[in-house]
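Asks: Please read through the structure below; I'll follow up with questions.
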Amino acid sequence: MTTIRLSTTTPRTLRPHRLRHRLRNACHPLLGFLSVAALLTAPTTPASADTRSAGVSTETLVKSAAAWDQTGYTVYPPGIPEPTLVRITLAPNTRLAWHTHPMPAIGYVASGQLTVERADNGVQRSFAAGQTITELVDVPHRGWTGDAGAELLVFYARSVRQPLSVASPDAEKLADEERVKTPRD
(Lines give C-alpha, C1' and ligand atoms only; values in the text may rest on other atoms or scores of the structure.)
Protein backbone atom coordinates (compact mmCIF):
# COMPACT_ATOMS: atom_id res chain seq x y z
CA MET A 1 0.00 0.00 0.00
CA THR A 2 1.35 3.40 -0.96
CA THR A 3 1.06 6.19 1.55
CA ILE A 4 0.77 9.74 0.30
CA ARG A 5 1.92 12.31 2.83
CA LEU A 6 0.79 15.90 2.51
CA SER A 7 2.93 18.63 3.99
CA THR A 8 1.62 20.00 7.28
CA THR A 9 3.49 23.28 6.84
CA THR A 10 1.09 25.90 5.53
CA PRO A 11 2.31 29.34 4.42
CA ARG A 12 0.74 32.17 6.43
CA THR A 13 -1.21 33.49 3.44
CA LEU A 14 -2.90 30.12 2.82
CA ARG A 15 -4.19 29.29 6.27
CA PRO A 16 -7.49 27.39 5.99
CA HIS A 17 -9.68 30.21 7.33
CA ARG A 18 -8.15 32.71 4.89
CA LEU A 19 -8.36 30.28 1.99
CA ARG A 20 -12.05 29.62 2.69
CA HIS A 21 -12.68 33.39 2.83
CA ARG A 22 -10.93 33.90 -0.50
CA LEU A 23 -12.77 31.01 -2.15
CA ARG A 24 -16.13 32.18 -0.82
CA ASN A 25 -15.61 35.60 -2.37
CA ALA A 26 -14.01 34.43 -5.61
CA CYS A 27 -15.73 35.28 -8.88
CA HIS A 28 -14.28 32.29 -10.71
CA PRO A 29 -16.58 29.27 -10.15
CA LEU A 30 -13.83 26.72 -10.68
CA LEU A 31 -11.24 28.34 -8.41
CA GLY A 32 -12.11 26.17 -5.42
CA PHE A 33 -12.27 23.00 -7.47
CA LEU A 34 -8.98 23.73 -9.23
CA SER A 35 -7.24 24.72 -5.99
CA VAL A 36 -8.15 21.41 -4.37
CA ALA A 37 -7.14 19.51 -7.51
CA ALA A 38 -3.78 21.31 -7.55
CA LEU A 39 -3.18 20.48 -3.88
CA LEU A 40 -4.03 16.83 -4.43
CA THR A 41 -1.78 16.46 -7.48
CA ALA A 42 1.13 18.68 -6.38
CA PRO A 43 4.31 16.83 -5.49
CA THR A 44 5.04 16.82 -1.76
CA THR A 45 8.69 15.90 -2.19
CA PRO A 46 11.59 18.01 -3.45
CA ALA A 47 11.52 18.80 -7.18
CA SER A 48 14.44 16.46 -7.84
CA ALA A 49 12.67 13.43 -6.32
CA ASP A 50 10.89 10.83 -8.48
CA THR A 51 7.17 10.97 -7.64
CA ARG A 52 6.18 8.01 -9.87
CA SER A 53 6.62 5.65 -6.95
CA ALA A 54 3.80 7.42 -5.10
CA GLY A 55 1.26 5.55 -7.24
CA VAL A 56 -0.48 8.70 -8.43
CA SER A 57 -0.91 9.67 -12.06
CA THR A 58 -2.93 12.39 -13.71
CA GLU A 59 -4.22 12.82 -17.24
CA THR A 60 -5.81 16.00 -18.54
CA LEU A 61 -8.84 14.88 -20.54
CA VAL A 62 -9.73 18.31 -21.86
CA LYS A 63 -8.46 21.85 -21.46
CA SER A 64 -10.03 24.36 -23.79
CA ALA A 65 -10.84 28.02 -24.23
CA ALA A 66 -13.50 27.15 -26.83
CA ALA A 67 -16.54 24.92 -27.37
CA TRP A 68 -16.58 21.86 -29.64
CA ASP A 69 -17.08 24.05 -32.74
CA GLN A 70 -14.28 26.47 -31.75
CA THR A 71 -16.66 29.17 -30.45
CA GLY A 72 -14.54 30.92 -27.81
CA TYR A 73 -15.55 31.16 -24.18
CA THR A 74 -15.76 34.69 -22.74
CA VAL A 75 -16.54 34.91 -19.01
CA TYR A 76 -17.78 32.78 -16.15
CA PRO A 77 -21.18 33.55 -14.66
CA PRO A 78 -21.29 35.99 -11.75
CA GLY A 79 -22.43 34.90 -8.31
CA ILE A 80 -21.52 32.28 -5.75
CA PRO A 81 -19.89 29.27 -7.45
CA GLU A 82 -21.80 25.99 -7.39
CA PRO A 83 -19.86 23.57 -9.61
CA THR A 84 -22.14 20.66 -10.53
CA LEU A 85 -21.40 17.20 -11.96
CA VAL A 86 -24.36 15.39 -13.54
CA ARG A 87 -24.71 11.87 -14.98
CA ILE A 88 -27.03 11.96 -18.00
CA THR A 89 -28.38 8.72 -19.43
CA LEU A 90 -29.94 8.94 -22.89
CA ALA A 91 -31.98 6.04 -24.26
CA PRO A 92 -31.28 4.72 -27.76
CA ASN A 93 -32.54 6.94 -30.59
CA THR A 94 -33.28 9.89 -28.30
CA ARG A 95 -33.25 13.46 -29.59
CA LEU A 96 -32.90 16.34 -27.15
CA ALA A 97 -34.85 19.55 -27.71
CA TRP A 98 -33.03 22.71 -28.79
CA HIS A 99 -31.45 24.32 -25.72
CA THR A 100 -28.62 26.54 -24.49
CA HIS A 101 -26.28 26.46 -21.51
CA PRO A 102 -25.71 29.78 -19.71
CA MET A 103 -22.27 28.66 -18.45
CA PRO A 104 -19.28 26.62 -19.63
CA ALA A 105 -19.80 22.88 -19.34
CA ILE A 106 -17.64 19.87 -20.16
CA GLY A 107 -19.11 16.47 -20.95
CA TYR A 108 -17.42 13.07 -20.96
CA VAL A 109 -19.05 10.32 -23.02
CA ALA A 110 -18.88 7.31 -20.70
CA SER A 111 -20.66 5.01 -23.16
CA GLY A 112 -22.45 5.11 -26.49
CA GLN A 113 -22.38 7.97 -28.96
CA LEU A 114 -23.87 11.46 -29.12
CA THR A 115 -24.16 13.75 -32.14
CA VAL A 116 -24.57 17.48 -31.49
CA GLU A 117 -25.78 20.22 -33.83
CA ARG A 118 -25.89 24.04 -33.81
CA ALA A 119 -29.25 25.59 -34.73
CA ASP A 120 -27.88 28.67 -36.49
CA ASN A 121 -25.53 27.05 -39.00
CA GLY A 122 -26.22 23.30 -38.89
CA VAL A 123 -22.66 22.33 -37.93
CA GLN A 124 -22.67 18.81 -36.48
CA ARG A 125 -20.13 16.67 -34.66
CA SER A 126 -20.29 13.17 -33.19
CA PHE A 127 -18.67 12.07 -29.94
CA ALA A 128 -18.06 8.44 -28.94
CA ALA A 129 -17.27 6.74 -25.63
CA GLY A 130 -14.06 8.08 -24.12
CA GLN A 131 -14.31 11.49 -25.80
CA THR A 132 -15.01 14.87 -24.22
CA ILE A 133 -17.44 17.58 -25.31
CA THR A 134 -16.80 21.23 -24.52
CA GLU A 135 -20.34 22.60 -24.57
CA LEU A 136 -21.54 25.71 -26.37
CA VAL A 137 -22.49 28.69 -24.17
CA ASP A 138 -25.63 30.69 -25.04
CA VAL A 139 -25.80 29.09 -28.50
CA PRO A 140 -28.90 27.01 -29.35
CA HIS A 141 -28.01 23.39 -30.05
CA ARG A 142 -29.37 19.87 -29.67
CA GLY A 143 -28.05 16.35 -29.53
CA TRP A 144 -29.21 12.85 -30.37
CA THR A 145 -28.13 9.26 -29.82
CA GLY A 146 -27.99 6.27 -32.09
CA ASP A 147 -29.05 2.69 -31.50
CA ALA A 148 -26.80 2.30 -28.44
CA GLY A 149 -27.92 5.38 -26.50
CA ALA A 150 -25.33 7.24 -24.42
CA GLU A 151 -24.24 7.97 -20.89
CA LEU A 152 -22.56 11.31 -20.19
CA LEU A 153 -20.85 12.84 -17.19
CA VAL A 154 -21.24 16.61 -17.48
CA PHE A 155 -19.48 19.19 -15.31
CA TYR A 156 -21.24 22.58 -15.21
CA ALA A 157 -19.24 25.64 -14.04
CA ARG A 158 -22.37 27.29 -12.73
CA SER A 159 -23.33 29.66 -9.96
CA VAL A 160 -26.02 29.13 -7.33
CA ARG A 161 -29.57 28.96 -8.72
CA GLN A 162 -28.35 29.04 -12.32
CA PRO A 163 -30.18 26.55 -14.56
CA LEU A 164 -28.09 23.83 -16.21
CA SER A 165 -29.85 24.41 -19.53
CA VAL A 166 -32.50 26.70 -20.97
CA ALA A 167 -35.04 25.63 -23.61
CA SER A 168 -34.73 27.37 -26.98
CA PRO A 169 -38.15 27.00 -28.59
CA ASP A 170 -37.29 29.59 -31.28
CA ALA A 171 -34.19 27.66 -32.36
CA GLU A 172 -36.24 25.67 -34.86
CA LYS A 173 -36.71 28.91 -36.79
CA LEU A 174 -32.93 29.38 -36.88
CA ALA A 175 -32.37 25.96 -38.40
CA ASP A 176 -32.98 25.86 -42.12
CA GLU A 177 -34.83 22.55 -42.28
CA GLU A 178 -33.94 22.00 -45.94
CA ARG A 179 -30.24 22.39 -45.14
CA VAL A 180 -30.03 20.96 -41.60
CA LYS A 181 -31.31 17.40 -41.30
CA THR A 182 -30.73 14.84 -38.59
CA PRO A 183 -31.11 11.11 -39.28
CA ARG A 184 -34.65 11.18 -37.82
CA ASP A 185 -35.98 14.31 -39.54
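Convention: chains lettered A, B, ... in C-alpha coordinates order; per-chain residue numbering from 1; ligands numbered from 1 as shown.
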What's around Ala148 of chain A at 8 Å? Count only C-alpha atoms, leave out sequence neighbours fewer than 4 positions away in its own chain, and write the answer as a count of residues only.

Replies: 5

Asks: Residues within 12 Å of Ala129 of chain A, please, as a list in words. Count only C-alpha atoms; anything in the same chain fewer than 4 positions from it doesn't count.

Replies: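 Answer for this query is Gly107, Tyr108, Val109, Ala110, Ser111, Gly112, Gln113, Leu114, Thr115, Ile133, Thr145, Ala148, Gly149, Ala150, Glu151, Leu152 and Leu153 of chain A.
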
Asks: Could you tell me how far atom CA of Thr94 of chain A lies from atom CA of Trp144 of chain A, in Å and to one decimal?

Replies: 5.4 Å

Asks: Please, what distance in Å, to one decimal, runs between atom CA of Phe155 of chain A and atom CA of Val123 of chain A?

Replies: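 If I compute the distance from atom CA of Phe155 of chain A to atom CA of Val123 of chain A, I get 23.1 Å.
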
Asks: Between A:Glu82, A:Glu117, A:Glu135, A:Glu172, which has the minimum distance to Val62 of chain A (counting only C-alpha atoms)?

Replies: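 Distance minimum relative to Val62 of chain A lands on A:Glu135.
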
Asks: I need the residue nearest Ser165 of chain A from this list: A:Leu96, A:Val75, A:Ala54, A:Ile80. Use only C-alpha atoms for the distance.

Replies: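 Closest residue, counting only C-alpha atoms: A:Leu96.
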
Asks: Based on DSSP run over this structure's backbone, return all residues of segment 35-175 of chain A in helix (DSSP H, G or I), as a list in words.

Replies: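 So the helix (DSSP H, G or I) residues in segment 35-175 of chain A would be Ser35, Val36, Ala37, Ala38, Leu39, Leu40, Thr41, Arg52, Ser53, Ala54, Ala171, Glu172, Lys173 and Leu174 of chain A.
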
Asks: Go ahead and write the selection's residues with N, CA and C atoms as a short mmCIF file (atom, residue, chain, number, x, y, z; two decimals), in the first residue's frame.

Replies:
```cif
data_model
loop_
_atom_site.label_atom_id
_atom_site.label_comp_id
_atom_site.auth_asym_id
_atom_site.auth_seq_id
_atom_site.Cartn_x
_atom_site.Cartn_y
_atom_site.Cartn_z
N SER A 35 -8.18 24.62 -7.09
CA SER A 35 -7.24 24.72 -5.99
C SER A 35 -7.08 23.38 -5.28
N VAL A 36 -8.20 22.71 -5.02
CA VAL A 36 -8.15 21.41 -4.37
C VAL A 36 -7.45 20.40 -5.28
N ALA A 37 -7.78 20.43 -6.56
CA ALA A 37 -7.14 19.51 -7.51
C ALA A 37 -5.63 19.74 -7.55
N ALA A 38 -5.21 21.01 -7.54
CA ALA A 38 -3.78 21.31 -7.55
C ALA A 38 -3.10 20.80 -6.29
N LEU A 39 -3.76 20.96 -5.13
CA LEU A 39 -3.18 20.48 -3.88
C LEU A 39 -3.06 18.96 -3.87
N LEU A 40 -4.04 18.29 -4.43
CA LEU A 40 -4.03 16.83 -4.43
C LEU A 40 -3.01 16.26 -5.40
N THR A 41 -2.71 16.98 -6.48
CA THR A 41 -1.78 16.46 -7.48
C THR A 41 -0.39 17.06 -7.37
N ARG A 52 6.91 9.13 -9.26
CA ARG A 52 6.18 8.01 -9.87
C ARG A 52 5.94 6.88 -8.87
N SER A 53 6.79 6.74 -7.92
CA SER A 53 6.62 5.65 -6.95
C SER A 53 5.45 5.90 -6.00
N ALA A 54 4.91 7.12 -5.99
CA ALA A 54 3.80 7.42 -5.10
C ALA A 54 2.51 6.76 -5.56
N ALA A 171 -35.34 28.16 -31.62
CA ALA A 171 -34.19 27.66 -32.36
C ALA A 171 -34.59 26.95 -33.65
N GLU A 172 -35.77 26.36 -33.65
CA GLU A 172 -36.24 25.67 -34.86
C GLU A 172 -36.31 26.64 -36.03
N LYS A 173 -36.65 27.89 -35.74
CA LYS A 173 -36.71 28.91 -36.79
C LYS A 173 -35.32 29.23 -37.32
N LEU A 174 -34.31 29.13 -36.45
CA LEU A 174 -32.93 29.38 -36.88
C LEU A 174 -32.44 28.31 -37.85
#
```

Asks: Of the candidates A:Trp98, A:Val154, A:Gln124, A:Arg161, which shows the shortest atom-to-atom distance to Arg142 of chain A, using only C-alpha atoms?

Replies: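 Looking only at the distances to Arg142 of chain A, the closest residue turns out to be A:Trp98.
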
Asks: Taking only C-alpha atoms into account, which of A:Gly122, A:Pro102, A:Gly55, A:Gly143 comes nearest Pro163 of chain A?

Replies: A:Pro102

Asks: Just list as a ChimeraX atom specification whatever in segment 50-183 of chain A DSSP marks as strand (DSSP E or B).

Replies: /A:66,72,81,84-90,95,99-100,105-118,124-128,132-134,141-156,159,166-167

Asks: Rounded to one decimal, what separation in Å do you get between atom CA of Tyr156 of chain A and atom CA of His101 of chain A?

Replies: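 It comes out at 9.0 Å.
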